[in-house]
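Next up, upload27.cif (mmCIF, C-alpha atoms):
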```
data_start
loop_
_atom_site.label_atom_id
_atom_site.label_comp_id
_atom_site.auth_asym_id
_atom_site.auth_seq_id
_atom_site.Cartn_x
_atom_site.Cartn_y
_atom_site.Cartn_z
CA MET C 1 0.00 0.00 0.00
CA ILE C 2 1.08 3.59 -0.67
CA ALA C 3 0.27 6.70 1.33
CA LEU C 4 -2.41 8.73 -0.46
CA LYS C 5 -0.75 12.03 0.44
CA GLU C 6 2.42 10.97 -1.40
CA ILE C 7 0.48 10.17 -4.57
CA LEU C 8 -1.41 13.46 -4.30
CA LYS C 9 1.93 15.28 -4.23
CA GLN C 10 2.82 13.65 -7.55
CA VAL C 11 -0.59 14.54 -8.95
CA ASP C 12 -0.14 18.16 -7.86
CA SER C 13 3.27 18.26 -9.54
CA LEU C 14 1.83 16.95 -12.82
CA LEU C 15 -1.06 19.42 -12.75
CA ALA C 16 1.16 22.40 -11.96
CA GLY C 17 1.51 23.31 -15.63
CA THR C 18 -2.25 23.39 -16.27
CA ASN C 19 -5.10 25.65 -15.21
CA ALA C 20 -6.59 22.85 -13.12
CA ASP C 21 -8.26 24.10 -9.96
CA GLY C 22 -7.73 22.58 -6.53
CA SER C 23 -10.74 20.30 -6.80
CA GLU C 24 -9.34 18.33 -9.73
CA ARG C 25 -6.84 16.40 -7.61
CA GLU C 26 -9.80 15.24 -5.52
CA TRP C 27 -11.82 14.25 -8.58
CA ILE C 28 -8.83 12.29 -9.90
CA ALA C 29 -8.37 10.48 -6.57
CA CYS C 30 -12.05 9.65 -6.25
CA GLU C 31 -12.32 8.39 -9.83
CA ALA C 32 -9.30 6.12 -9.35
CA LEU C 33 -10.62 4.86 -6.02
CA GLY C 34 -14.24 4.55 -7.11
CA ILE C 35 -15.57 6.57 -4.19
CA LYS C 36 -17.60 9.74 -3.56
CA ARG C 37 -15.72 12.93 -2.70
CA GLY C 38 -17.17 12.93 0.80
CA ALA C 39 -15.38 9.65 1.53
CA LEU C 40 -11.94 10.84 0.44
CA PRO C 41 -10.87 12.29 3.83
CA LEU C 42 -11.24 8.79 5.28
CA VAL C 43 -8.67 7.30 2.89
CA ARG C 44 -5.06 7.10 4.07
CA GLU C 45 -3.55 4.49 1.76
CA VAL C 46 -4.13 3.27 -1.78
CA SER C 47 -3.06 0.19 -3.72
CA GLU C 48 -0.38 0.30 -6.40
CA GLU C 49 -3.07 -0.13 -9.06
CA GLN C 50 -5.08 2.79 -7.68
CA ALA C 51 -1.96 4.93 -7.45
CA LYS C 52 -1.12 4.15 -11.08
CA LYS C 53 -4.63 5.16 -12.16
CA MET C 54 -4.26 8.49 -10.37
CA ILE C 55 -0.91 9.19 -12.01
CA ASP C 56 -2.19 8.14 -15.44
CA TYR C 57 -5.21 10.45 -15.11
CA ALA C 58 -2.98 13.33 -14.00
CA ARG C 59 -0.53 12.80 -16.87
CA GLU C 60 -3.34 12.87 -19.42
CA ARG C 61 -4.84 15.95 -17.79
CA ALA C 62 -1.40 17.58 -17.93
CA THR C 63 -1.55 17.45 -21.74
CA GLY C 64 -4.35 20.01 -21.51
CA ARG C 65 -7.18 17.56 -22.10
CA PRO C 66 -10.22 18.56 -20.01
CA LEU C 67 -10.69 16.41 -16.93
CA TRP C 68 -14.09 15.12 -18.05
CA GLN C 69 -12.63 13.97 -21.36
CA VAL C 70 -9.93 12.18 -19.39
CA PHE C 71 -12.63 10.31 -17.45
CA GLY C 72 -14.91 9.95 -20.47
CA TYR C 73 -17.93 11.35 -18.69
CA ALA C 74 -19.18 14.44 -16.88
CA GLU C 75 -21.61 15.00 -14.03
CA PHE C 76 -24.56 17.13 -15.15
CA CYS C 77 -27.79 17.79 -13.27
CA GLY C 78 -27.17 14.67 -11.17
CA MET C 79 -26.64 12.50 -14.25
CA ARG C 80 -23.60 10.78 -15.71
CA ILE C 81 -23.10 12.06 -19.26
CA GLU C 82 -20.67 10.43 -21.67
CA VAL C 83 -18.34 12.92 -23.33
CA GLY C 84 -15.47 12.62 -25.76
CA GLU C 85 -14.12 13.95 -29.01
CA GLY C 86 -16.93 15.50 -31.01
CA VAL C 87 -19.06 16.86 -28.17
CA LEU C 88 -18.68 19.79 -25.82
CA CYS C 89 -18.20 18.96 -22.14
CA PRO C 90 -21.28 20.18 -20.23
CA ARG C 91 -20.65 23.33 -18.19
CA PRO C 92 -22.16 24.24 -14.79
CA GLU C 93 -23.76 27.36 -16.29
CA THR C 94 -25.71 25.14 -18.68
CA GLU C 95 -27.32 23.51 -15.63
CA GLU C 96 -28.80 26.95 -14.95
CA LEU C 97 -30.26 26.97 -18.47
CA VAL C 98 -31.83 23.57 -17.79
CA GLU C 99 -33.26 24.76 -14.48
CA ARG C 100 -34.96 27.69 -16.23
CA ALA C 101 -36.25 25.56 -19.09
CA ALA C 102 -37.48 22.78 -16.82
CA ALA C 103 -39.84 25.28 -15.14
CA TYR C 104 -41.82 25.34 -18.40
CA CYS C 105 -41.71 21.59 -19.01
CA CYS C 106 -44.10 18.91 -17.80
CA PRO C 107 -46.09 16.01 -19.30
CA GLY C 108 -47.85 17.16 -22.45
CA VAL C 109 -45.37 19.93 -23.23
CA LYS C 110 -43.47 19.62 -26.52
CA ALA C 111 -39.83 20.74 -26.18
CA LEU C 112 -37.00 21.08 -28.69
CA ASP C 113 -33.29 21.15 -27.83
CA MET C 114 -31.28 22.51 -30.77
CA CYS C 115 -27.51 21.89 -31.02
CA THR C 116 -27.93 19.11 -28.48
CA GLY C 117 -24.30 17.87 -28.46
CA SER C 118 -24.01 15.24 -25.72
CA GLY C 119 -27.78 15.40 -25.22
CA CYS C 120 -27.44 16.61 -21.64
CA ILE C 121 -30.08 19.36 -21.91
CA ALA C 122 -32.61 17.20 -23.74
CA ILE C 123 -32.17 14.31 -21.31
CA ALA C 124 -32.60 16.55 -18.27
CA LEU C 125 -35.79 18.05 -19.76
CA ALA C 126 -37.15 14.60 -20.61
CA LYS C 127 -37.01 13.82 -16.89
CA THR C 128 -39.90 16.30 -16.44
CA GLY C 129 -42.14 14.11 -18.58
CA ALA C 130 -42.09 16.53 -21.51
CA ASP C 131 -42.11 15.24 -25.10
CA VAL C 132 -38.55 16.13 -26.11
CA THR C 133 -36.96 16.32 -29.55
CA ALA C 134 -33.23 17.05 -29.87
CA SER C 135 -31.28 17.96 -32.99
CA ASP C 136 -27.66 18.39 -34.04
CA ILE C 137 -25.70 18.69 -37.27
CA SER C 138 -23.13 16.14 -36.05
CA GLU C 139 -23.81 12.41 -36.46
CA ARG C 140 -21.06 11.69 -33.94
CA ALA C 141 -22.73 13.92 -31.36
CA LEU C 142 -26.11 12.27 -31.94
CA GLU C 143 -24.58 8.81 -31.42
CA ILE C 144 -23.21 9.89 -28.05
CA ALA C 145 -26.46 11.68 -27.15
CA ALA C 146 -28.50 8.56 -27.91
CA ARG C 147 -26.26 6.45 -25.66
CA ASN C 148 -26.61 9.04 -22.91
CA ALA C 149 -30.39 9.01 -23.19
CA GLU C 150 -30.49 5.22 -22.94
CA ALA C 151 -28.05 5.15 -20.03
CA ASN C 152 -30.13 7.70 -18.12
CA GLY C 153 -33.50 6.15 -18.91
CA ALA C 154 -34.72 9.18 -20.90
CA LYS C 155 -37.00 9.10 -23.92
CA VAL C 156 -35.76 11.63 -26.49
CA ARG C 157 -36.30 11.80 -30.25
CA PHE C 158 -32.99 12.66 -31.94
CA LEU C 159 -32.78 14.27 -35.38
CA LEU C 160 -29.87 15.07 -37.69
CA SER C 161 -30.55 18.68 -38.63
CA ASP C 162 -28.73 21.89 -39.45
CA ILE C 163 -30.80 24.23 -37.24
CA TRP C 164 -34.33 24.09 -38.78
CA GLU C 165 -33.48 21.96 -41.83
CA ASN C 166 -35.23 18.75 -40.71
CA ILE C 167 -37.43 20.14 -37.93
CA ASP C 168 -41.18 19.74 -38.42
CA GLY C 169 -44.08 20.91 -36.27
CA ARG C 170 -44.37 23.41 -33.47
CA PHE C 171 -43.12 23.38 -29.90
CA ASP C 172 -44.07 24.90 -26.56
CA VAL C 173 -40.46 25.27 -25.41
CA ILE C 174 -37.30 25.62 -27.50
CA VAL C 175 -33.90 25.49 -25.80
CA SER C 176 -30.44 25.87 -27.28
CA ASN C 177 -26.84 26.24 -26.25
CA PRO C 178 -25.46 27.06 -29.71
CA PRO C 179 -21.88 27.95 -30.65
CA TYR C 180 -21.48 31.61 -29.64
CA ILE C 181 -17.77 32.46 -29.53
CA PRO C 182 -16.65 34.92 -32.25
CA THR C 183 -14.35 33.18 -34.72
CA GLU C 184 -11.35 35.43 -34.07
CA GLN C 185 -11.49 34.66 -30.33
CA ILE C 186 -11.14 30.88 -30.75
CA ALA C 187 -7.34 31.06 -31.01
CA SER C 188 -7.09 32.94 -27.70
CA LEU C 189 -9.13 30.47 -25.65
CA ASP C 190 -7.50 28.32 -22.97
CA ARG C 191 -5.84 25.32 -24.60
CA GLU C 192 -8.20 22.99 -22.70
CA VAL C 193 -10.99 24.44 -24.84
CA ARG C 194 -9.11 25.51 -27.98
CA ASP C 195 -7.24 22.24 -28.55
CA PHE C 196 -9.65 19.62 -27.24
CA GLU C 197 -13.23 20.84 -27.61
CA PRO C 198 -14.88 20.58 -31.07
CA HIS C 199 -14.62 23.94 -32.83
CA CYS C 200 -18.00 23.36 -34.49
CA ALA C 201 -19.52 23.58 -31.00
CA LEU C 202 -17.66 26.82 -30.23
CA ASP C 203 -17.49 28.95 -33.37
CA GLY C 204 -20.42 31.33 -33.61
CA GLY C 205 -19.21 33.14 -36.71
CA GLU C 206 -17.65 36.58 -37.09
CA ASP C 207 -19.60 38.21 -34.24
CA GLY C 208 -20.66 35.08 -32.37
CA LEU C 209 -24.33 35.60 -33.30
CA LYS C 210 -24.58 33.46 -36.43
CA PHE C 211 -26.67 30.68 -34.91
CA TYR C 212 -29.01 33.00 -33.03
CA ARG C 213 -29.88 34.63 -36.36
CA GLU C 214 -30.64 31.21 -37.83
CA ILE C 215 -32.79 30.33 -34.83
CA ALA C 216 -34.67 33.63 -35.16
CA LYS C 217 -35.45 32.91 -38.85
CA GLY C 218 -37.54 29.85 -38.04
CA LEU C 219 -38.89 30.81 -34.65
CA ALA C 220 -42.31 32.03 -35.74
CA ALA C 221 -42.94 28.84 -37.71
CA HIS C 222 -41.92 26.48 -34.90
CA LEU C 223 -42.67 28.05 -31.51
CA GLU C 224 -46.25 28.18 -30.28
CA GLU C 225 -47.81 31.49 -29.33
CA GLY C 226 -47.14 31.96 -25.63
CA GLY C 227 -44.22 29.54 -25.87
CA MET C 228 -40.70 30.03 -24.50
CA LEU C 229 -37.32 30.23 -26.17
CA LEU C 230 -34.33 29.95 -23.85
CA VAL C 231 -30.78 30.21 -25.18
CA GLU C 232 -27.40 30.25 -23.50
CA MET C 233 -25.17 33.11 -24.63
CA GLY C 234 -21.85 34.87 -24.13
CA ALA C 235 -21.62 37.43 -21.34
CA GLU C 236 -21.35 40.36 -23.79
CA GLN C 237 -24.20 39.35 -26.08
CA GLY C 238 -27.24 40.35 -24.03
CA GLU C 239 -28.07 43.62 -25.74
CA ALA C 240 -27.63 42.13 -29.21
CA LEU C 241 -29.98 39.25 -28.41
CA LYS C 242 -32.51 41.60 -26.84
CA ALA C 243 -32.67 43.53 -30.09
CA MET C 244 -32.72 40.38 -32.21
CA PHE C 245 -35.61 38.69 -30.39
CA ALA C 246 -37.63 41.76 -29.35
CA PRO C 247 -39.91 41.49 -32.44
CA PHE C 248 -41.13 38.10 -31.17
CA GLY C 249 -42.16 39.15 -27.69
CA GLU C 250 -40.83 39.83 -24.21
CA VAL C 251 -37.08 39.25 -23.82
CA LYS C 252 -35.42 38.79 -20.43
CA ILE C 253 -31.67 38.51 -19.92
CA VAL C 254 -30.83 36.25 -16.98
CA LYS C 255 -27.52 36.32 -15.12
CA ASP C 256 -25.69 33.19 -14.03
CA ILE C 257 -24.42 32.38 -10.56
CA GLU C 258 -21.31 34.50 -11.22
CA GLY C 259 -23.41 37.54 -12.11
CA LYS C 260 -22.72 37.36 -15.85
CA ASP C 261 -25.40 37.63 -18.53
CA ARG C 262 -25.92 34.01 -19.56
CA ILE C 263 -29.48 33.24 -20.72
CA ALA C 264 -31.89 35.01 -23.04
CA ALA C 265 -35.49 34.02 -22.25
CA VAL C 266 -38.06 34.98 -24.87
CA ARG C 267 -41.81 34.57 -24.45
CA ILE C 268 -43.62 34.60 -27.77
CA CYS C 269 -46.50 37.07 -27.65
CA GLY C 270 -48.06 36.69 -31.09
CA LYS C 271 -47.71 35.74 -34.72
CA ASN C 272 -44.76 37.19 -36.66
#
```

Can you turn what I pasted into structure tokens?
Amino acid sequence: MIALKEILKQVDSLLAGTNADGSEREWIACEALGIKRGALPLVREVSEEQAKKMIDYARERATGRPLWQVFGYAEFCGMRIEVGEGVLCPRPETEELVERAAAYCCPGVKALDMCTGSGCIAIALAKTGADVTASDISERALEIAARNAEANGAKVRFLLSDIWENIDGRFDVIVSNPPYIPTEQIASLDREVRDFEPHCALDGGEDGLKFYREIAKGLAAHLEEGGMLLVEMGAEQGEALKAMFAPFGEVKIVKDIEGKDRIAAVRICGKN
């Protein structure tokens, strides 16, 4: 057996060249040991096999690969979501988008999740009993999303679609976390994002608003009167989205837990 504190020192040394926060060493230890974080303070020694796992995880993380890609899954809204090359790792701020959207979802409500990626939003909304459709332009993403839905016992209809291309019918709630980073800013992102996350899930065009414009084009034809559109956005995009969606109805910009503009909520007030 090997003292856990000695292995954690090696993990810390490997992570020193990354932007990993202090919690990542704990996540690495718990993943290698197969325990919850609350049980970690009770552990004093680990086996050689467990120590090797911890070091292997830390070495891979030291390359810049996001921790959840190292593990192959992320925790999201209390669910285990498979992630990997081709899908964006779910972010905590997206849980806030789900919380807002879930308030409008229940059995009988028809919901659409556009740019679904890993399927995390759609799966969380399906837990409300809503009739959920999810779309993405990436076949790879839809394969992962379908596995996530099955693994989490969620019923979701997945469609291959470039925004509205293959979307039929109308919905009561439409949710999206589209690419919204301006193209020229991609190169300046942290390497964890720039080098390992799929650029198609990041690049929002010249001003970052490309996909919101596409969403706006089909909104009147697909969102029921009185329905809700909720989209995640960049912290500097609130005023632009207010102006873009104002013709459809009431627009509210919601801040995230860090006080940054993060969600545009639009209630459709009439035909357009």

Would you tabulate, counting only C-alpha atoms, all residues of region 12-127 of chain C that have an atom at most 9 Å from an atom of region 218-238 of chain C, showing the closest pair of atoms and their distance in Å to one decimal, sorted by chain then ascending number, as CSV?
```
residue,atom,partner,partner_atom,distance
C:Glu93,CA,C:Glu232,CA,8.6
C:Thr94,CA,C:Glu232,CA,7.2
C:Leu97,CA,C:Glu232,CA,6.7
C:Arg100,CA,C:Leu230,CA,8.0
C:Ala101,CA,C:Leu230,CA,6.8
C:Tyr104,CA,C:Met228,CA,7.8
```

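Checking C:Asp207, C:Asp21, C:Glu184, C:Glu75 one by one against Pro90 (chain C), counting all atoms listed in the file, you find the shortest gap at C:Glu75.
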
Find the residues around Glu165 (chain C) up to 10 Å (only C-alpha atoms counted), leave out those fewer than 2 positions away in its own chain, and share them as an mmCIF file with C-alpha atoms, in the coordinates of the input.
```cif
data_model
loop_
_atom_site.group_PDB
_atom_site.id
_atom_site.type_symbol
_atom_site.label_atom_id
_atom_site.label_comp_id
_atom_site.auth_asym_id
_atom_site.auth_seq_id
_atom_site.Cartn_x
_atom_site.Cartn_y
_atom_site.Cartn_z
ATOM 1 C CA SER C 135 -31.280 17.960 -32.990
ATOM 2 C CA ILE C 137 -25.700 18.690 -37.270
ATOM 3 C CA LEU C 160 -29.870 15.070 -37.690
ATOM 4 C CA SER C 161 -30.550 18.680 -38.630
ATOM 5 C CA ASP C 162 -28.730 21.890 -39.450
ATOM 6 C CA ILE C 163 -30.800 24.230 -37.240
ATOM 7 C CA ILE C 167 -37.430 20.140 -37.930
ATOM 8 C CA ASP C 168 -41.180 19.740 -38.420
ATOM 9 C CA GLY C 218 -37.540 29.850 -38.040
#
```

Practice item. Extract, using all atoms listed in the file, all DNA, RNA and protein residues at most 9 Å from Asn152 (chain C), discarding same-chain residues fewer than 6 positions from it, and format them as a list in words. Key: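 Counting all atoms listed in the file, the residues come to Met79, Arg80, Ile81 and Ile123 of chain C.
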
Review point. So how many Å separate CA of Pro198 (chain C) and CA of Met114 (chain C), to one decimal?
Key: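 Straight-line distance from CA of Pro198 (chain C) to CA of Met114 (chain C) works out to 16.5 Å.
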